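**Student:** Just one file: query-v6.cif, with mmCIF, C-alpha atoms.
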```
data_coords
#
loop_
_atom_site.label_atom_id
_atom_site.label_comp_id
_atom_site.auth_asym_id
_atom_site.auth_seq_id
_atom_site.Cartn_x
_atom_site.Cartn_y
_atom_site.Cartn_z
CA MET A 1 0.00 0.00 0.00
CA GLU A 2 2.76 2.43 0.89
CA LYS A 3 4.60 1.57 -2.30
CA ASP A 4 1.55 2.47 -4.40
CA LYS A 5 1.17 5.84 -2.66
CA LEU A 6 4.83 6.61 -3.18
CA GLU A 7 4.65 5.74 -6.91
CA ASP A 8 1.53 7.89 -7.35
CA PHE A 9 3.22 10.80 -5.61
CA LEU A 10 6.37 10.50 -7.73
CA ASN A 11 4.44 10.14 -10.98
CA LYS A 12 2.42 13.33 -10.51
CA LYS A 13 3.60 16.20 -12.64
CA ALA A 14 4.34 19.49 -10.97
CA ALA A 15 1.84 22.23 -11.66
CA SER A 16 3.69 25.03 -13.41
CA PRO A 17 2.84 28.61 -12.35
CA ALA A 18 3.19 29.72 -15.99
CA PRO A 19 2.05 26.80 -18.13
CA HIS A 20 2.09 28.63 -21.45
CA LEU A 21 4.93 31.02 -22.19
CA THR A 22 4.59 33.36 -25.13
CA ALA A 23 7.33 35.38 -26.77
CA ASP A 24 7.29 39.16 -26.56
CA PRO A 25 6.69 40.42 -30.10
CA PHE A 26 8.11 43.88 -29.31
CA LEU A 27 11.44 42.71 -27.83
CA PRO A 28 13.50 43.19 -31.03
CA THR A 29 12.08 46.70 -31.45
CA ARG A 30 12.99 47.60 -27.88
CA ILE A 31 16.55 46.32 -28.32
CA GLU A 32 16.97 48.31 -31.55
CA SER A 33 15.74 51.50 -29.87
CA LEU A 34 18.16 51.03 -26.94
CA ILE A 35 21.06 50.57 -29.35
CA ALA A 36 20.02 53.67 -31.32
CA GLU A 37 19.85 55.76 -28.11
CA LYS A 38 23.35 54.73 -27.05
CA GLU A 39 24.85 55.66 -30.44
CA ARG A 40 23.54 59.25 -30.48
CA PRO A 41 25.18 61.19 -27.60
CA VAL A 42 28.66 61.61 -29.13
CA ARG A 43 28.55 65.41 -28.86
CA SER A 44 27.28 65.44 -25.28
CA LEU A 45 30.13 63.11 -24.24
CA PHE A 46 32.64 65.60 -25.67
CA GLY A 47 30.82 68.45 -23.92
CA ARG A 48 30.95 66.71 -20.57
CA TRP A 49 34.63 65.89 -21.06
CA SER A 50 35.40 69.52 -21.90
CA LEU A 51 33.47 70.81 -18.90
CA ALA A 52 35.25 68.41 -16.58
CA THR A 53 38.63 69.49 -17.96
CA ALA A 54 37.78 73.17 -17.54
CA LEU A 55 36.62 72.62 -13.94
CA ALA A 56 39.77 70.64 -13.11
CA ALA A 57 41.96 73.40 -14.58
CA CYS A 58 40.10 76.05 -12.54
CA ALA A 59 40.55 73.98 -9.37
CA VAL A 60 44.31 73.67 -10.01
CA VAL A 61 44.66 77.42 -10.62
CA MET A 62 42.69 78.24 -7.46
CA GLY A 63 44.84 75.82 -5.47
CA ILE A 64 48.02 77.45 -6.71
CA TYR A 65 46.63 80.92 -5.95
CA ILE A 66 45.56 79.97 -2.42
CA GLY A 67 48.80 78.08 -1.82
CA ASN A 68 50.88 81.14 -2.77
CA ASP A 69 49.02 83.25 -0.24
CA LEU A 70 49.52 80.63 2.45
CA SER A 71 53.25 80.34 1.88
CA VAL A 72 53.74 84.11 2.13
CA THR A 73 51.82 84.37 5.41
CA ALA A 74 53.46 81.31 7.01
CA SER A 75 55.72 82.02 9.96
CA TYR A 76 59.23 80.72 9.56
CA GLN A 77 61.14 79.22 12.47
CA SER A 78 64.82 78.83 12.96
CA GLY A 79 66.47 75.50 12.27
CA ASP A 80 67.11 74.81 15.96
CA ASP A 81 63.43 75.24 16.84
CA LEU A 82 62.40 72.86 14.07
CA ILE A 83 64.93 70.25 15.20
CA ASN A 84 63.73 70.52 18.82
CA GLU A 85 60.08 70.15 17.83
CA TYR A 86 60.90 67.17 15.64
CA ALA A 87 62.92 65.54 18.40
CA GLN A 88 60.09 66.01 20.89
CA ALA A 89 57.60 64.46 18.48
CA VAL A 90 59.80 61.47 17.64
CA TYR A 91 61.40 60.81 21.03
CA GLN A 92 58.72 60.36 23.66
CA VAL A 93 59.74 60.39 27.33
CA ASP A 94 58.90 57.14 29.03
CA PHE A 95 58.78 55.93 32.64
CA VAL A 96 62.46 54.99 32.88
CA ASP A 97 63.59 58.45 31.73
CA GLU A 98 61.26 60.09 34.25
CA LEU A 99 62.61 57.84 37.01
CA ALA A 100 66.22 58.65 36.06
CA THR A 101 65.43 62.39 36.14
CA VAL A 102 63.80 62.10 39.55
CA LEU A 103 66.75 60.12 40.96
CA GLU A 104 69.32 62.56 39.53
CA ASN A 105 67.65 65.90 40.18
CA GLY A 106 64.94 65.09 42.64
CA GLU A 107 62.26 66.70 40.44
CA ILE A 108 60.08 65.91 37.41
CA LYS A 109 60.28 68.01 34.28
#
```
Since I need it in another form, could you write the structure as structure tokens?

**Tutor:**
Amino acid sequence: MEKDKLEDFLNKKAASPAPHLTADPFLPTRIESLIAEKERPVRSLFGRWSLATALAACAVVMGIYIGNDLSVTASYQSGDDLINEYAQAVYQVDFVDELATVLENGEIK
């Protein structure tokens, strides 16, 4: 009995949600119109490229102009001050150095 039920279940065909598929008659026309649209904008591509180049050139010129003003107004330091600031940034004081300073001088910097 179980074997008969199993064979019946396996022999049933699945019900398809779309039993009859039909081709779209307008698909070739749509593809042709998309291809035609992509071939047209040759001039607008050149226009966008030219506008982007002009904007990039303006940005470079403005950067140079602003950079010149910044370099004139910058405050210059002597070489010794720059070396001291660099040394302080690179060489950080740690616990052992602090302990050595306290033992030698009796005070913390």

**Student:** For CA of Ile64 in chain A and CA of Leu82 in chain A, quote the distance in Å rounded to one decimal.

**Tutor:**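 So the answer is 25.7 Å.
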
**Student:** Could you check how far CA of Asp80 in chain A sits from CA of Leu99 in chain A, in Å to one decimal?

**Tutor:**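 Between CA of Asp80 in chain A and CA of Leu99 in chain A the gap is 27.4 Å.
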
**Student:** Could you work out how far CA of Glu85 in chain A lies from CA of Gly63 in chain A, giving the answer in Å with one decimal?

**Tutor:**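 Value for the CA of Gly63 in chain A-CA of Glu85 in chain A distance: 28.4 Å.
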
**Student:** Taking all atoms of range 88-107 of chain A that appear in the file, build a box with edges along x, y and z, extend it by 4 Å on every side, and state its centre and edge lengths in Å to one decimal, as JSON.

**Tutor:**
```
{"center_x": 63.5, "center_y": 60.8, "center_z": 30.1, "size_x": 19.7, "size_y": 19.7, "size_z": 33.0}
```

**Student:** Select range 49-87 of chain A in the preceding structure and write N, CA and C atoms to a file as a PDB file, in the first residue's frame.

**Tutor:**
```pdb
ATOM      1  N   TRP A  49      33.185  66.026 -21.226  1.00  0.00           N
ATOM      2  CA  TRP A  49      34.627  65.888 -21.057  1.00  0.00           C
ATOM      3  C   TRP A  49      35.279  67.268 -21.018  1.00  0.00           C
ATOM      4  N   SER A  50      34.836  68.179 -21.884  1.00  0.00           N
ATOM      5  CA  SER A  50      35.399  69.523 -21.905  1.00  0.00           C
ATOM      6  C   SER A  50      35.068  70.273 -20.617  1.00  0.00           C
ATOM      7  N   LEU A  51      33.863  70.136 -20.137  1.00  0.00           N
ATOM      8  CA  LEU A  51      33.468  70.811 -18.902  1.00  0.00           C
ATOM      9  C   LEU A  51      34.268  70.277 -17.722  1.00  0.00           C
ATOM     10  N   ALA A  52      34.464  68.988 -17.676  1.00  0.00           N
ATOM     11  CA  ALA A  52      35.249  68.405 -16.581  1.00  0.00           C
ATOM     12  C   ALA A  52      36.694  68.887 -16.641  1.00  0.00           C
ATOM     13  N   THR A  53      37.256  69.007 -17.822  1.00  0.00           N
ATOM     14  CA  THR A  53      38.628  69.492 -17.965  1.00  0.00           C
ATOM     15  C   THR A  53      38.733  70.946 -17.524  1.00  0.00           C
ATOM     16  N   ALA A  54      37.766  71.758 -17.921  1.00  0.00           N
ATOM     17  CA  ALA A  54      37.779  73.169 -17.536  1.00  0.00           C
ATOM     18  C   ALA A  54      37.649  73.323 -16.025  1.00  0.00           C
ATOM     19  N   LEU A  55      36.776  72.535 -15.401  1.00  0.00           N
ATOM     20  CA  LEU A  55      36.619  72.623 -13.944  1.00  0.00           C
ATOM     21  C   LEU A  55      37.885  72.157 -13.222  1.00  0.00           C
ATOM     22  N   ALA A  56      38.527  71.119 -13.728  1.00  0.00           N
ATOM     23  CA  ALA A  56      39.766  70.643 -13.106  1.00  0.00           C
ATOM     24  C   ALA A  56      40.868  71.694 -13.237  1.00  0.00           C
ATOM     25  N   ALA A  57      40.960  72.348 -14.387  1.00  0.00           N
ATOM     26  CA  ALA A  57      41.965  73.400 -14.578  1.00  0.00           C
ATOM     27  C   ALA A  57      41.701  74.573 -13.635  1.00  0.00           C
ATOM     28  N   CYS A  58      40.442  74.951 -13.482  1.00  0.00           N
ATOM     29  CA  CYS A  58      40.104  76.045 -12.544  1.00  0.00           C
ATOM     30  C   CYS A  58      40.467  75.660 -11.111  1.00  0.00           C
ATOM     31  N   ALA A  59      40.220  74.426 -10.729  1.00  0.00           N
ATOM     32  CA  ALA A  59      40.554  73.979  -9.375  1.00  0.00           C
ATOM     33  C   ALA A  59      42.062  74.024  -9.146  1.00  0.00           C
ATOM     34  N   VAL A  60      42.853  73.635 -10.149  1.00  0.00           N
ATOM     35  CA  VAL A  60      44.309  73.674 -10.007  1.00  0.00           C
ATOM     36  C   VAL A  60      44.789  75.115  -9.873  1.00  0.00           C
ATOM     37  N   VAL A  61      44.256  76.008 -10.689  1.00  0.00           N
ATOM     38  CA  VAL A  61      44.663  77.420 -10.624  1.00  0.00           C
ATOM     39  C   VAL A  61      44.280  78.020  -9.271  1.00  0.00           C
ATOM     40  N   MET A  62      43.091  77.726  -8.779  1.00  0.00           N
ATOM     41  CA  MET A  62      42.690  78.240  -7.463  1.00  0.00           C
ATOM     42  C   MET A  62      43.580  77.677  -6.362  1.00  0.00           C
ATOM     43  N   GLY A  63      43.950  76.411  -6.464  1.00  0.00           N
ATOM     44  CA  GLY A  63      44.836  75.815  -5.466  1.00  0.00           C
ATOM     45  C   GLY A  63      46.198  76.469  -5.457  1.00  0.00           C
ATOM     46  N   ILE A  64      46.722  76.768  -6.635  1.00  0.00           N
ATOM     47  CA  ILE A  64      48.019  77.449  -6.705  1.00  0.00           C
ATOM     48  C   ILE A  64      47.908  78.853  -6.129  1.00  0.00           C
ATOM     49  N   TYR A  65      46.828  79.548  -6.451  1.00  0.00           N
ATOM     50  CA  TYR A  65      46.635  80.916  -5.950  1.00  0.00           C
ATOM     51  C   TYR A  65      46.520  80.928  -4.423  1.00  0.00           C
ATOM     52  N   ILE A  66      45.726  80.040  -3.879  1.00  0.00           N
ATOM     53  CA  ILE A  66      45.558  79.973  -2.420  1.00  0.00           C
ATOM     54  C   ILE A  66      46.856  79.513  -1.763  1.00  0.00           C
ATOM     55  N   GLY A  67      47.542  78.570  -2.370  1.00  0.00           N
ATOM     56  CA  GLY A  67      48.802  78.081  -1.818  1.00  0.00           C
ATOM     57  C   GLY A  67      49.876  79.153  -1.773  1.00  0.00           C
ATOM     58  N   ASN A  68      49.917  80.033  -2.787  1.00  0.00           N
ATOM     59  CA  ASN A  68      50.878  81.143  -2.772  1.00  0.00           C
ATOM     60  C   ASN A  68      50.608  82.070  -1.601  1.00  0.00           C
ATOM     61  N   ASP A  69      49.353  82.372  -1.364  1.00  0.00           N
ATOM     62  CA  ASP A  69      49.022  83.255  -0.241  1.00  0.00           C
ATOM     63  C   ASP A  69      49.365  82.603   1.094  1.00  0.00           C
ATOM     64  N   LEU A  70      49.202  81.307   1.199  1.00  0.00           N
ATOM     65  CA  LEU A  70      49.518  80.634   2.453  1.00  0.00           C
ATOM     66  C   LEU A  70      51.020  80.614   2.706  1.00  0.00           C
ATOM     67  N   SER A  71      51.808  80.421   1.666  1.00  0.00           N
ATOM     68  CA  SER A  71      53.248  80.343   1.876  1.00  0.00           C
ATOM     69  C   SER A  71      53.829  81.701   2.250  1.00  0.00           C
ATOM     70  N   VAL A  72      53.244  82.782   1.784  1.00  0.00           N
ATOM     71  CA  VAL A  72      53.738  84.113   2.133  1.00  0.00           C
ATOM     72  C   VAL A  72      53.414  84.435   3.590  1.00  0.00           C
ATOM     73  N   THR A  73      52.244  84.031   4.054  1.00  0.00           N
ATOM     74  CA  THR A  73      51.825  84.366   5.411  1.00  0.00           C
ATOM     75  C   THR A  73      52.322  83.379   6.453  1.00  0.00           C
ATOM     76  N   ALA A  74      52.983  82.306   6.046  1.00  0.00           N
ATOM     77  CA  ALA A  74      53.464  81.314   7.009  1.00  0.00           C
ATOM     78  C   ALA A  74      54.610  81.904   7.837  1.00  0.00           C
ATOM     79  N   SER A  75      54.642  81.526   9.098  1.00  0.00           N
ATOM     80  CA  SER A  75      55.718  82.018   9.964  1.00  0.00           C
ATOM     81  C   SER A  75      56.881  81.033   9.890  1.00  0.00           C
ATOM     82  N   TYR A  76      58.056  81.566   9.675  1.00  0.00           N
ATOM     83  CA  TYR A  76      59.232  80.724   9.559  1.00  0.00           C
ATOM     84  C   TYR A  76      59.924  80.629  10.911  1.00  0.00           C
ATOM     85  N   GLN A  77      60.437  79.443  11.213  1.00  0.00           N
ATOM     86  CA  GLN A  77      61.142  79.223  12.465  1.00  0.00           C
ATOM     87  C   GLN A  77      62.607  78.956  12.156  1.00  0.00           C
ATOM     88  N   SER A  78      63.408  79.128  13.169  1.00  0.00           N
ATOM     89  CA  SER A  78      64.823  78.834  12.962  1.00  0.00           C
ATOM     90  C   SER A  78      65.034  77.323  12.900  1.00  0.00           C
ATOM     91  N   GLY A  79      66.171  76.911  12.412  1.00  0.00           N
ATOM     92  CA  GLY A  79      66.472  75.501  12.271  1.00  0.00           C
ATOM     93  C   GLY A  79      66.516  74.772  13.599  1.00  0.00           C
ATOM     94  N   ASP A  80      67.027  75.447  14.639  1.00  0.00           N
ATOM     95  CA  ASP A  80      67.110  74.807  15.962  1.00  0.00           C
ATOM     96  C   ASP A  80      65.725  74.522  16.530  1.00  0.00           C
ATOM     97  N   ASP A  81      64.788  75.466  16.343  1.00  0.00           N
ATOM     98  CA  ASP A  81      63.432  75.242  16.841  1.00  0.00           C
ATOM     99  C   ASP A  81      62.771  74.066  16.124  1.00  0.00           C
ATOM    100  N   LEU A  82      62.981  73.980  14.825  1.00  0.00           N
ATOM    101  CA  LEU A  82      62.400  72.862  14.074  1.00  0.00           C
ATOM    102  C   LEU A  82      62.972  71.531  14.528  1.00  0.00           C
ATOM    103  N   ILE A  83      64.288  71.493  14.768  1.00  0.00           N
ATOM    104  CA  ILE A  83      64.926  70.248  15.203  1.00  0.00           C
ATOM    105  C   ILE A  83      64.419  69.849  16.585  1.00  0.00           C
ATOM    106  N   ASN A  84      64.252  70.817  17.480  1.00  0.00           N
ATOM    107  CA  ASN A  84      63.735  70.523  18.818  1.00  0.00           C
ATOM    108  C   ASN A  84      62.302  69.990  18.766  1.00  0.00           C
ATOM    109  N   GLU A  85      61.454  70.618  17.945  1.00  0.00           N
ATOM    110  CA  GLU A  85      60.077  70.151  17.834  1.00  0.00           C
ATOM    111  C   GLU A  85      60.021  68.747  17.239  1.00  0.00           C
ATOM    112  N   TYR A  86      60.863  68.504  16.236  1.00  0.00           N
ATOM    113  CA  TYR A  86      60.902  67.175  15.635  1.00  0.00           C
ATOM    114  C   TYR A  86      61.386  66.126  16.646  1.00  0.00           C
ATOM    115  N   ALA A  87      62.395  66.464  17.411  1.00  0.00           N
ATOM    116  CA  ALA A  87      62.920  65.536  18.402  1.00  0.00           C
ATOM    117  C   ALA A  87      61.878  65.235  19.478  1.00  0.00           C
TER     118      ALA A  87
END
```
